[in-house]
>>> print(open('input-v9.txt').read())   # compact mmCIF, C-alpha atoms
# COMPACT_ATOMS: atom_id res chain seq x y z
CA MET A 1 112.48 119.52 104.21
CA SER A 2 113.36 118.33 100.70
CA ASP A 3 115.16 115.00 101.27
CA TRP A 4 113.01 111.97 101.99
CA ARG A 5 115.86 110.30 103.85
CA ASP A 6 115.81 113.16 106.37
CA ALA A 7 112.20 112.39 107.30
CA ARG A 8 111.77 111.22 110.89
CA ASN A 9 107.99 110.80 111.08
CA ILE A 10 106.63 108.94 108.05
CA LEU A 11 103.05 108.04 107.21
CA ALA A 12 102.48 105.00 105.00
CA VAL A 13 99.00 104.86 103.44
CA ARG A 14 97.48 101.55 102.31
CA MET A 15 93.70 101.31 102.59
CA ASP A 16 92.96 97.84 101.19
CA ASN A 17 92.73 94.32 102.62
CA ILE A 18 95.09 92.36 104.87
CA GLY A 19 96.94 90.80 101.94
CA ASP A 20 97.68 94.23 100.47
CA VAL A 21 99.23 95.28 103.79
CA ILE A 22 101.35 92.10 103.87
CA MET A 23 102.62 93.05 100.39
CA LEU A 24 103.92 96.32 101.87
CA GLY A 25 106.54 94.44 103.88
CA PRO A 26 109.50 94.75 101.48
CA ALA A 27 108.92 98.50 100.93
CA LEU A 28 108.51 99.30 104.63
CA ARG A 29 111.57 97.18 105.43
CA ALA A 30 113.57 99.22 102.92
CA VAL A 31 112.43 102.49 104.52
CA ALA A 32 113.17 101.27 108.05
CA ASN A 33 116.59 99.84 107.17
CA THR A 34 117.65 102.92 105.19
CA SER A 35 116.38 105.37 107.82
CA PRO A 36 116.48 103.51 111.15
CA GLN A 37 115.86 106.78 113.00
CA ALA A 38 112.47 107.21 111.29
CA ARG A 39 109.14 106.30 112.88
CA ILE A 40 106.64 104.66 110.52
CA THR A 41 102.88 104.97 111.04
CA LEU A 42 100.51 102.95 108.87
CA LEU A 43 97.15 104.39 107.83
CA ALA A 44 95.05 101.32 107.07
CA SER A 45 91.50 100.04 106.76
CA PRO A 46 89.98 98.05 109.65
CA ALA A 47 90.83 94.81 107.83
CA GLY A 48 94.30 95.95 106.84
CA THR A 49 95.07 97.00 110.39
CA THR A 50 94.93 93.39 111.55
CA GLY A 51 97.86 92.50 109.30
CA ALA A 52 100.13 95.21 110.71
CA ALA A 53 101.07 93.04 113.72
CA LEU A 54 103.11 90.87 111.33
CA LEU A 55 105.19 93.80 110.04
CA PRO A 56 107.85 94.78 112.61
CA TRP A 57 108.70 97.96 110.69
CA VAL A 58 105.36 99.55 111.63
CA ASP A 59 105.53 101.55 114.86
CA GLU A 60 101.89 102.63 115.02
CA VAL A 61 98.63 102.14 113.11
CA ILE A 62 95.81 104.60 112.41
CA THR A 63 92.64 102.76 111.42
CA TRP A 64 90.24 104.53 109.05
CA ARG A 65 87.59 103.75 106.46
CA ALA A 66 88.69 105.86 103.50
CA LEU A 67 86.15 107.61 101.31
CA TRP A 68 88.35 106.99 98.26
CA GLN A 69 88.15 103.21 98.84
CA ASP A 70 84.42 103.17 99.62
CA LEU A 71 82.02 101.06 97.55
CA GLY A 72 78.99 103.18 98.41
CA GLN A 73 78.56 102.21 102.05
CA LEU A 74 79.74 105.38 103.78
CA PRO A 75 77.16 108.11 104.40
CA PHE A 76 77.59 111.66 103.16
CA ASP A 77 79.56 113.22 106.01
CA PRO A 78 82.16 115.88 105.11
CA ALA A 79 82.87 116.46 108.82
CA ARG A 80 84.12 112.91 109.01
CA GLU A 81 86.74 113.59 106.35
CA LEU A 82 87.83 116.75 108.13
CA GLU A 83 88.30 114.60 111.23
CA LEU A 84 90.85 112.49 109.31
CA VAL A 85 92.71 115.65 108.27
CA ALA A 86 92.77 116.81 111.89
CA THR A 87 93.97 113.38 113.09
CA LEU A 88 96.88 113.43 110.66
CA ARG A 89 97.70 117.07 111.37
CA GLU A 90 98.03 116.31 115.10
CA ARG A 91 100.79 113.79 114.35
CA SER A 92 103.04 116.31 112.54
CA PHE A 93 104.20 113.89 109.86
CA ASP A 94 107.25 114.85 107.78
CA ALA A 95 106.33 112.67 104.81
CA ALA A 96 103.56 110.47 103.42
CA LEU A 97 103.94 107.43 101.17
CA THR A 98 100.72 106.54 99.37
CA PHE A 99 100.75 102.93 98.14
CA THR A 100 98.21 101.90 95.52
CA SER A 101 97.48 99.17 93.02
CA PHE A 102 97.64 100.00 89.30
CA SER A 103 93.92 100.91 89.15
CA GLN A 104 93.88 103.27 92.14
CA THR A 105 94.71 106.95 92.36
CA PRO A 106 97.05 108.32 95.04
CA HIS A 107 95.80 111.88 94.61
CA MET A 108 92.88 111.81 97.04
CA ALA A 109 95.11 110.53 99.83
CA GLY A 110 97.76 113.00 98.71
CA TYR A 111 95.31 115.89 98.98
CA VAL A 112 94.23 114.79 102.48
CA CYS A 113 97.90 114.69 103.50
CA TYR A 114 98.41 118.15 101.95
CA LEU A 115 95.55 119.55 104.03
CA ALA A 116 97.11 117.87 107.08
CA GLY A 117 100.30 119.85 106.49
CA ILE A 118 102.54 116.96 105.43
CA PRO A 119 105.28 118.57 103.28
CA LEU A 120 106.49 115.47 101.38
CA ARG A 121 103.91 113.33 99.59
CA ALA A 122 104.65 110.58 97.09
CA GLY A 123 102.66 108.10 95.02
CA GLU A 124 102.44 106.28 91.69
CA SER A 125 99.90 107.74 89.27
CA LYS A 126 98.52 107.47 85.76
CA GLU A 127 96.59 110.75 85.80
CA PHE A 128 97.27 114.42 86.42
CA GLY A 129 96.75 115.44 90.05
CA GLY A 130 98.25 118.91 90.22
CA ALA A 131 100.40 119.43 93.31
CA ALA A 132 98.61 116.90 95.52
CA LEU A 133 101.86 114.92 95.41
CA THR A 134 105.34 116.40 95.66
CA THR A 135 106.79 113.28 94.02
CA GLU A 136 104.68 111.57 91.39
CA LEU A 137 105.91 108.42 89.69
CA ARG A 138 104.56 107.36 86.32
CA GLY A 139 105.12 104.51 83.91
CA ALA A 140 104.78 101.39 86.05
CA PRO A 141 103.33 98.62 83.88
CA ASP A 142 99.97 97.22 85.01
CA SER A 143 101.54 93.75 85.09
CA LEU A 144 104.14 94.71 87.71
CA HIS A 145 103.99 92.65 90.88
CA GLN A 146 102.41 94.58 93.75
CA ALA A 147 105.44 94.15 96.01
CA GLU A 148 107.66 95.49 93.23
CA ARG A 149 105.29 98.40 92.64
CA ASN A 150 105.62 99.33 96.31
CA LEU A 151 109.40 99.00 96.15
CA ARG A 152 109.55 101.08 92.98
CA LEU A 153 108.04 103.99 94.88
CA VAL A 154 110.37 103.94 97.88
CA GLU A 155 113.47 103.28 95.77
CA ALA A 156 112.69 106.33 93.64
CA LEU A 157 112.84 108.35 96.86
CA GLY A 158 116.30 107.08 97.83
CA PHE A 159 115.43 104.19 100.14
CA VAL A 160 117.50 101.06 99.53
CA ALA A 161 116.00 97.56 99.33
CA ASP A 162 118.45 94.81 100.24
CA ASP A 163 115.74 92.13 100.13
CA ARG A 164 112.74 92.12 97.80
CA HIS A 165 110.90 89.12 99.23
CA LEU A 166 107.81 89.07 101.43
CA GLU A 167 108.48 88.65 105.12
CA VAL A 168 106.31 88.48 108.21
CA GLN A 169 107.44 88.14 111.79
CA ILE A 170 105.25 86.07 114.08
CA PRO A 171 105.31 87.50 117.62
CA ASP A 172 106.85 85.54 120.50
CA GLY A 173 104.51 83.02 122.05
CA VAL A 174 102.13 82.84 119.10
CA ARG A 175 103.69 79.70 117.61
CA ALA A 176 103.33 77.85 120.91
CA ALA A 177 99.69 78.98 121.14
CA THR A 178 98.88 77.43 117.76
CA THR A 179 99.72 73.99 119.16
CA PHE A 180 96.69 74.29 121.43
CA ILE A 181 94.54 75.78 118.64
CA LEU A 182 95.33 72.81 116.39
CA ARG A 183 94.75 70.24 119.12
CA ASP A 184 91.44 71.84 120.06
CA ALA A 185 90.41 71.56 116.39
CA GLY A 186 91.31 67.85 116.34
CA ILE A 187 94.57 68.18 114.38
CA ASP A 188 97.66 66.32 115.60
CA PRO A 189 100.30 69.08 115.43
CA ASP A 190 103.08 66.48 115.42
CA GLU A 191 101.90 65.12 112.06
CA PRO A 192 101.65 66.88 108.66
CA PHE A 193 98.33 68.47 107.76
CA MET A 194 96.84 70.10 104.67
CA LEU A 195 95.32 73.56 105.09
CA ILE A 196 92.36 74.39 102.83
CA HIS A 197 91.05 77.96 102.78
CA PRO A 198 87.97 78.28 100.50
CA GLY A 199 87.32 81.98 101.13
CA ALA A 200 88.30 85.10 99.21
CA SER A 201 87.23 88.72 99.36
CA ALA A 202 85.32 88.49 96.05
CA THR A 203 83.10 85.65 94.83
CA ALA A 204 84.80 85.85 91.43
CA ARG A 205 87.97 84.56 93.10
CA ARG A 206 86.39 81.58 94.85
CA TYR A 207 86.74 78.01 93.61
CA PRO A 208 83.29 76.49 94.35
CA THR A 209 82.90 75.46 97.98
CA GLU A 210 81.45 72.05 97.16
CA ARG A 211 84.50 71.31 95.02
CA PHE A 212 86.79 72.36 97.86
CA ALA A 213 84.85 69.89 100.02
CA ALA A 214 85.42 67.15 97.46
CA VAL A 215 89.15 67.97 97.38
CA ALA A 216 89.21 67.67 101.17
CA SER A 217 87.44 64.30 101.01
CA LEU A 218 89.95 62.97 98.48
CA LEU A 219 92.89 64.03 100.64
CA LEU A 220 91.27 62.51 103.73
CA ALA A 221 90.80 59.26 101.82
CA ASP A 222 94.53 59.30 101.14
CA GLY A 223 95.17 59.32 104.89
CA LEU A 224 96.06 63.00 105.23
CA GLN A 225 94.94 65.38 107.96
CA VAL A 226 92.87 68.23 106.55
CA LEU A 227 92.25 71.54 108.28
CA ILE A 228 89.67 73.91 106.75
CA THR A 229 90.02 77.55 107.77
CA GLY A 230 88.03 80.74 107.40
CA SER A 231 87.15 84.02 109.04
CA ASP A 232 84.10 84.74 111.19
CA ARG A 233 82.24 86.24 108.24
CA GLU A 234 82.90 83.08 106.17
CA ARG A 235 81.00 80.76 108.53
CA THR A 236 77.96 80.60 106.23
CA LEU A 237 80.24 79.78 103.29
CA LEU A 238 81.97 76.95 105.17
CA ASP A 239 79.08 75.40 107.09
CA PRO A 240 78.07 73.07 104.21
CA MET A 241 81.60 71.66 104.16
CA ARG A 242 81.10 70.14 107.63
CA THR A 243 78.73 67.57 106.12
CA LEU A 244 80.38 67.37 102.69
CA ALA A 245 83.92 66.72 104.00
CA LEU A 246 83.43 64.34 106.91
CA GLY A 247 86.64 63.92 108.87
CA ALA A 248 88.01 67.37 108.06
CA ARG A 249 88.78 69.67 110.98
CA PHE A 250 87.85 73.34 111.15
CA VAL A 251 89.27 76.58 112.49
CA VAL A 252 86.75 79.27 111.57
CA GLY A 253 87.22 82.63 113.26
CA GLY A 254 88.55 83.02 116.76
CA THR A 255 92.19 83.44 115.72
CA SER A 256 94.24 86.59 115.31
CA VAL A 257 96.09 87.22 112.05
CA PRO A 258 99.45 86.34 113.71
CA GLU A 259 97.95 83.07 115.02
CA TYR A 260 96.59 82.28 111.58
CA ALA A 261 100.00 83.01 110.05
CA ALA A 262 101.58 80.56 112.50
CA ILE A 263 99.07 77.90 111.41
CA VAL A 264 99.93 78.55 107.75
CA GLU A 265 103.60 78.21 108.66
CA ARG A 266 103.01 74.80 110.22
CA ALA A 267 100.95 73.41 107.34
CA ALA A 268 102.52 70.87 105.04
CA LEU A 269 100.76 72.52 102.12
CA VAL A 270 98.13 75.23 101.62
CA VAL A 271 95.26 74.99 99.12
CA CYS A 272 93.56 78.35 98.61
CA ASN A 273 92.26 80.98 96.22
CA ASP A 274 93.96 84.27 95.35
CA SER A 275 93.61 85.45 98.95
CA LEU A 276 95.48 86.18 102.19
CA PRO A 277 96.80 82.61 102.77
CA MET A 278 98.62 82.80 99.42
CA HIS A 279 100.60 85.85 100.55
CA LEU A 280 101.25 84.44 104.02
CA ALA A 281 102.41 81.13 102.57
CA ASP A 282 104.81 82.96 100.27
CA ALA A 283 106.20 85.02 103.16
CA LEU A 284 106.57 81.88 105.30
CA ARG A 285 107.85 79.63 102.46
CA THR A 286 104.98 77.16 102.82
CA PRO A 287 104.20 75.15 99.65
CA MET A 288 100.83 75.91 98.08
CA ILE A 289 98.31 75.11 95.37
CA VAL A 290 96.41 78.26 94.35
CA LEU A 291 93.12 78.32 92.47
CA PHE A 292 93.91 81.62 90.79
CA SER A 293 90.89 83.02 88.97
CA GLY A 294 90.95 85.22 85.89
CA THR A 295 90.06 88.41 87.77
CA ASP A 296 93.69 89.57 87.87
CA LEU A 297 97.00 88.91 86.19
CA GLU A 298 99.12 86.35 88.02
CA SER A 299 102.12 88.62 87.57
CA GLN A 300 100.52 91.24 89.84
CA TRP A 301 100.05 89.01 92.90
CA GLU A 302 101.62 85.57 92.42
CA PRO A 303 103.92 83.90 95.00
CA ARG A 304 107.56 84.54 94.18
CA VAL A 305 109.56 82.43 96.65
CA ALA A 306 107.55 79.60 98.18
CA PRO A 307 106.94 76.43 96.12
CA ALA A 308 103.67 77.15 94.34
CA ARG A 309 101.44 75.86 91.57
CA LEU A 310 98.79 78.24 90.23
CA LEU A 311 95.76 76.64 88.58
CA ARG A 312 93.79 78.67 86.06
CA HIS A 313 92.28 78.05 82.65
CA GLU A 314 92.98 80.70 80.03
CA THR A 315 89.81 82.59 79.12
CA SER A 316 89.15 85.46 76.73
CA CYS A 317 87.62 87.59 79.51
CA SER A 318 90.73 87.62 81.70
CA PRO A 319 91.68 89.82 83.42
CA CYS A 320 88.15 90.98 84.17
CA TYR A 321 88.77 92.70 87.56
CA ARG A 322 85.22 91.79 88.58
CA PHE A 323 83.91 91.05 92.08
CA ASP A 324 81.46 88.46 90.74
CA CYS A 325 81.42 86.24 87.67
CA PRO A 326 78.31 86.21 85.43
CA ILE A 327 79.41 83.17 83.39
CA GLY A 328 80.17 80.51 86.01
CA LEU A 329 83.92 80.81 86.60
CA PRO A 330 85.25 78.90 83.56
CA CYS A 331 88.76 79.99 84.61
CA LEU A 332 88.43 77.78 87.72
CA ASP A 333 86.74 74.79 86.11
CA PHE A 334 89.04 72.15 87.60
CA THR A 335 87.70 68.86 88.89
CA PRO A 336 88.39 68.07 92.54
CA GLU A 337 90.33 65.02 91.35
CA ALA A 338 92.64 67.26 89.33
CA VAL A 339 93.24 69.61 92.26
CA ALA A 340 93.85 66.74 94.70
CA GLY A 341 96.24 65.21 92.18
CA HIS A 342 98.28 68.41 92.09
CA VAL A 343 98.38 68.41 95.91
CA LEU A 344 99.58 64.82 96.16
CA ARG A 345 102.23 65.28 93.47
CA MET A 346 103.51 68.46 95.09
CA LEU A 347 103.77 66.76 98.47
CA HIS A 348 106.24 64.33 96.96
CA GLU A 349 108.37 66.95 95.25
CA PRO A 350 111.73 67.63 96.98
CA ALA A 351 110.92 71.33 97.46
CA ALA A 352 107.73 70.57 99.35
CA VAL A 353 109.22 69.12 102.52
CA LEU A 354 106.50 68.31 105.02
CA HIS A 355 106.64 70.64 108.01
CA GLY A 356 106.96 68.97 111.38
CA ALA A 357 105.81 70.29 114.72
CA ARG A 358 107.09 73.69 115.79
CA SER A 359 106.88 75.37 119.14
>>> encode(input="input-v9.txt", output="structure tokens")
Amino acid sequence: MSDWRDARNILAVRMDNIGDVIMLGPALRAVANTSPQARITLLASPAGTTGAALLPWVDEVITWRALWQDLGQLPFDPARELELVATLRERSFDAALTFTSFSQTPHMAGYVCYLAGIPLRAGESKEFGGAALTTELRGAPDSLHQAERNLRLVEALGFVADDRHLEVQIPDGVRAATTFILRDAGIDPDEPFMLIHPGASATARRYPTERFAAVASLLLADGLQVLITGSDRERTLLDPMRTLALGARFVVGGTSVPEYAAIVERAALVVCNDSLPMHLADALRTPMIVLFSGTDLESQWEPRVAPARLLRHETSCSPCYRFDCPIGLPCLDFTPEAVAGHVLRMLHEPAAVLHGARS
């Protein structure tokens, strides 16, 4: 097989977080629409797998912790890597698309797919990788938006993108279920509410929790409903906010990614860091205020469709691409009053129409 558009069994590889999988949507949509006869399987991390339910172009998911994405937590176990090769070989894939950010190499995944007998293998690369890939793109600028980077790869292979925007599809019944989730949390789903999500995968991307609490208190004082959200592993981060933001309501853990997406969709406005809610809000056209730290360039990840205001101070160390900040996050040194002011002004802008109840 030499033509990508003849492939009928395609593997898409993306081994990062949920937000990175959501950013795959436009590229996978282009593949599925161009080759409707093709079956698409996503190879994803345990976290990324949870986002696949929002992408209707994914037919199946293989969950794996990839050695090439490991931060030193996986034990030395070559047999484990051979197990991945065997798992992929059993599926008899025709082609493999390896999606990466600008700092990642596609060659390790490409070599695994080679060993698994996948004849077509494509990725975007900065370095020489021999014949690990059969199609190797070069030259994408580091500043390119991640969704566009993904599209650049599939378009080079002949797949056609009619729509370049993020999109998620919330499964039937999930929207109705969120009515009960909101009511159980103490939120009136028939009235507008603000969603505040203080978490992020790296501490260097987190606006200080106590300042998020102060923002919540200011919005509550203005008569607004405030819902604070987080994952199970963020409970320790959010617990202090229960006493610092009296009157705020909480949904921490206990929801699936589709249920959380439906809550984001119903919010009047989202206040978050550079994290999953930013991508979901963009895909669902929910207005947002983003505390966007200096770890990355805005152009790589910023919302492109939904009404959005990104808050960040220019600093000489940006982009640092760090997981933690040794100098106290000067890029996010905004007072809670300033952040709340942006929220209140945005709520009154014509583009930020308050969402009503949905079922």
>>> closest_residue(input="input-v9.txt", among="A:Gly328, A:Pro307, A:Gly199, A:Gly230", to="Leu291 in chain A", atoms="all atoms listed in the file")
A:Gly199
>>> residues_near_point(input="input-v9.txt", point="(104.9, 88.8, 117.7)", cutoff="8 Å", atoms="only C-alpha atoms", output="mmCIF file with C-alpha atoms, in the coordinates of the input")
data_model
loop_
_atom_site.group_PDB
_atom_site.id
_atom_site.type_symbol
_atom_site.label_atom_id
_atom_site.label_comp_id
_atom_site.auth_asym_id
_atom_site.auth_seq_id
_atom_site.Cartn_x
_atom_site.Cartn_y
_atom_site.Cartn_z
ATOM 1 C CA ALA A 53 101.070 93.040 113.720
ATOM 2 C CA LEU A 54 103.110 90.870 111.330
ATOM 3 C CA GLN A 169 107.440 88.140 111.790
ATOM 4 C CA ILE A 170 105.250 86.070 114.080
ATOM 5 C CA PRO A 171 105.310 87.500 117.620
ATOM 6 C CA ASP A 172 106.850 85.540 120.500
ATOM 7 C CA GLY A 173 104.510 83.020 122.050
ATOM 8 C CA VAL A 174 102.130 82.840 119.100
ATOM 9 C CA PRO A 258 99.450 86.340 113.710
#
>>> axis_aligned_box(input="input-v9.txt", around="range 277-284 of chain A", padding_each_side="4 Å", output="lines of an AutoDock Vina configuration file")
center_x = 101.7
center_y = 83.5
center_z = 102.4
size_x = 17.8
size_y = 12.7
size_z = 13.9
>>> atom_distance(input="input-v9.txt", atom1="CA of Gly139 in chain A", atom2="CA of Thr49 in chain A")
29.3 Å
>>> atom_distance(input="input-v9.txt", atom1="CA of Asp333 in chain A", atom2="CA of Pro141 in chain A")
29.1 Å
>>> closest_residue(input="input-v9.txt", among="A:Thr335, A:Gln300, A:Ser316, A:Thr243", to="Ala140 in chain A", atoms="all atoms listed in the file")
A:Gln300
>>> residues_around(input="input-v9.txt", residues="Tyr207 in chain A", least_positions_apart="5", cutoff="9 Å", atoms="all atoms listed in the file", output="list in words")
Pro198, Gly199, Phe212, Cys272, Asn273, Leu291, Phe292, Ser293, Leu329, Leu332, Asp333 and Phe334 of chain A
>>> atom_distance(input="input-v9.txt", atom1="CA of Asp77 in chain A", atom2="CA of Val13 in chain A")
21.3 Å
>>> residues_around(input="input-v9.txt", residues="Val251 in chain A", least_positions_apart="6", cutoff="8 Å", atoms="only C-alpha atoms", output="list in words")
Ala185, Leu227, Ile228, Thr229 and Gly230 of chain A
>>> closest_residue(input="input-v9.txt", among="A:His165, A:Pro26, A:Asp190, A:Arg5", to="Leu284 in chain A", atoms="only C-alpha atoms")
A:His165
>>> closest_residue(input="input-v9.txt", among="A:Glu90, A:Glu167, A:Glu337, A:Asp222", to="Val305 in chain A", atoms="all atoms listed in the file")
A:Glu167
>>> residues_around(input="input-v9.txt", residues="Arg242 in chain A", least_positions_apart="5", cutoff="12 Å", atoms="all atoms listed in the file", output="list in words")
Thr209, Glu210, Phe212, Ala213, Ala214, Ala216, Ser217, Val226, Leu227, Ile228, Thr229, Arg235, Thr236, Leu237, Gly247, Ala248, Arg249, Phe250, Val251 and Val252 of chain A
>>> closest_residue(input="input-v9.txt", among="A:His107, A:His279, A:Arg322, A:Arg29", to="Gln146 in chain A", atoms="all atoms listed in the file")
A:His279
>>> closest_residue(input="input-v9.txt", among="A:Ala267, A:Gly253, A:Val160, A:Ile22", to="Ile187 in chain A", atoms="all atoms listed in the file")
A:Ala267
>>> residues_around(input="input-v9.txt", residues="range 114-119 of chain A", least_positions_apart="4", cutoff="12 Å", atoms="all atoms listed in the file", output="VMD selection string")
chain A and resid 1 to 4 7 9 to 12 81 to 97 107 to 110 130 to 135
>>> residues_near_point(input="input-v9.txt", point="(108.2, 94.4, 109.5)", cutoff="6 Å", atoms="all atoms listed in the file", output="count of residues only")
5
>>> decode(input="input-v9.txt", residues="range 108-147 of chain A", atoms="C-alpha atoms", output="PDB file, in the first residue's frame")
ATOM      1  CA  MET A 108      10.087   6.206  18.838  1.00  0.00           C
ATOM      2  CA  ALA A 109       6.400   5.659  18.132  1.00  0.00           C
ATOM      3  CA  GLY A 110       7.266   5.250  14.462  1.00  0.00           C
ATOM      4  CA  TYR A 111       9.789   2.529  15.271  1.00  0.00           C
ATOM      5  CA  VAL A 112       7.266   0.676  17.470  1.00  0.00           C
ATOM      6  CA  CYS A 113       4.772   0.823  14.594  1.00  0.00           C
ATOM      7  CA  TYR A 114       7.478  -0.434  12.201  1.00  0.00           C
ATOM      8  CA  LEU A 115       8.132  -3.430  14.455  1.00  0.00           C
ATOM      9  CA  ALA A 116       4.364  -4.015  14.561  1.00  0.00           C
ATOM     10  CA  GLY A 117       4.336  -4.333  10.773  1.00  0.00           C
ATOM     11  CA  ILE A 118       2.462  -1.118   9.980  1.00  0.00           C
ATOM     12  CA  PRO A 119       3.532  -0.201   6.415  1.00  0.00           C
ATOM     13  CA  LEU A 120       2.624   3.518   6.413  1.00  0.00           C
ATOM     14  CA  ARG A 121       3.931   5.704   9.239  1.00  0.00           C
ATOM     15  CA  ALA A 122       3.838   9.489   9.341  1.00  0.00           C
ATOM     16  CA  GLY A 123       4.880  12.219  11.756  1.00  0.00           C
ATOM     17  CA  GLU A 124       6.323  15.720  12.077  1.00  0.00           C
ATOM     18  CA  SER A 125       9.998  15.822  13.041  1.00  0.00           C
ATOM     19  CA  LYS A 126      12.954  18.124  13.587  1.00  0.00           C
ATOM     20  CA  GLU A 127      15.602  15.395  13.715  1.00  0.00           C
ATOM     21  CA  PHE A 128      16.827  12.545  11.556  1.00  0.00           C
ATOM     22  CA  GLY A 129      15.100   9.245  12.304  1.00  0.00           C
ATOM     23  CA  GLY A 130      16.140   7.017   9.435  1.00  0.00           C
ATOM     24  CA  ALA A 131      13.255   4.988   8.019  1.00  0.00           C
ATOM     25  CA  ALA A 132      11.190   4.873  11.216  1.00  0.00           C
ATOM     26  CA  LEU A 133       8.666   7.015   9.341  1.00  0.00           C
ATOM     27  CA  THR A 134       7.652   6.533   5.720  1.00  0.00           C
ATOM     28  CA  THR A 135       6.421  10.140   5.580  1.00  0.00           C
ATOM     29  CA  GLU A 136       8.331  12.688   7.616  1.00  0.00           C
ATOM     30  CA  LEU A 137       7.239  16.319   7.669  1.00  0.00           C
ATOM     31  CA  ARG A 138       9.645  19.082   8.585  1.00  0.00           C
ATOM     32  CA  GLY A 139       9.528  22.834   8.920  1.00  0.00           C
ATOM     33  CA  ALA A 140       6.512  23.486  11.129  1.00  0.00           C
ATOM     34  CA  PRO A 141       7.217  26.604  13.200  1.00  0.00           C
ATOM     35  CA  ASP A 142       7.253  26.113  16.977  1.00  0.00           C
ATOM     36  CA  SER A 143       4.588  28.811  17.281  1.00  0.00           C
ATOM     37  CA  LEU A 144       2.055  26.892  15.169  1.00  0.00           C
ATOM     38  CA  HIS A 145      -1.204  26.141  16.949  1.00  0.00           C
ATOM     39  CA  GLN A 146      -1.414  22.502  18.022  1.00  0.00           C
ATOM     40  CA  ALA A 147      -4.651  21.892  16.122  1.00  0.00           C
TER      41      ALA A 147
END
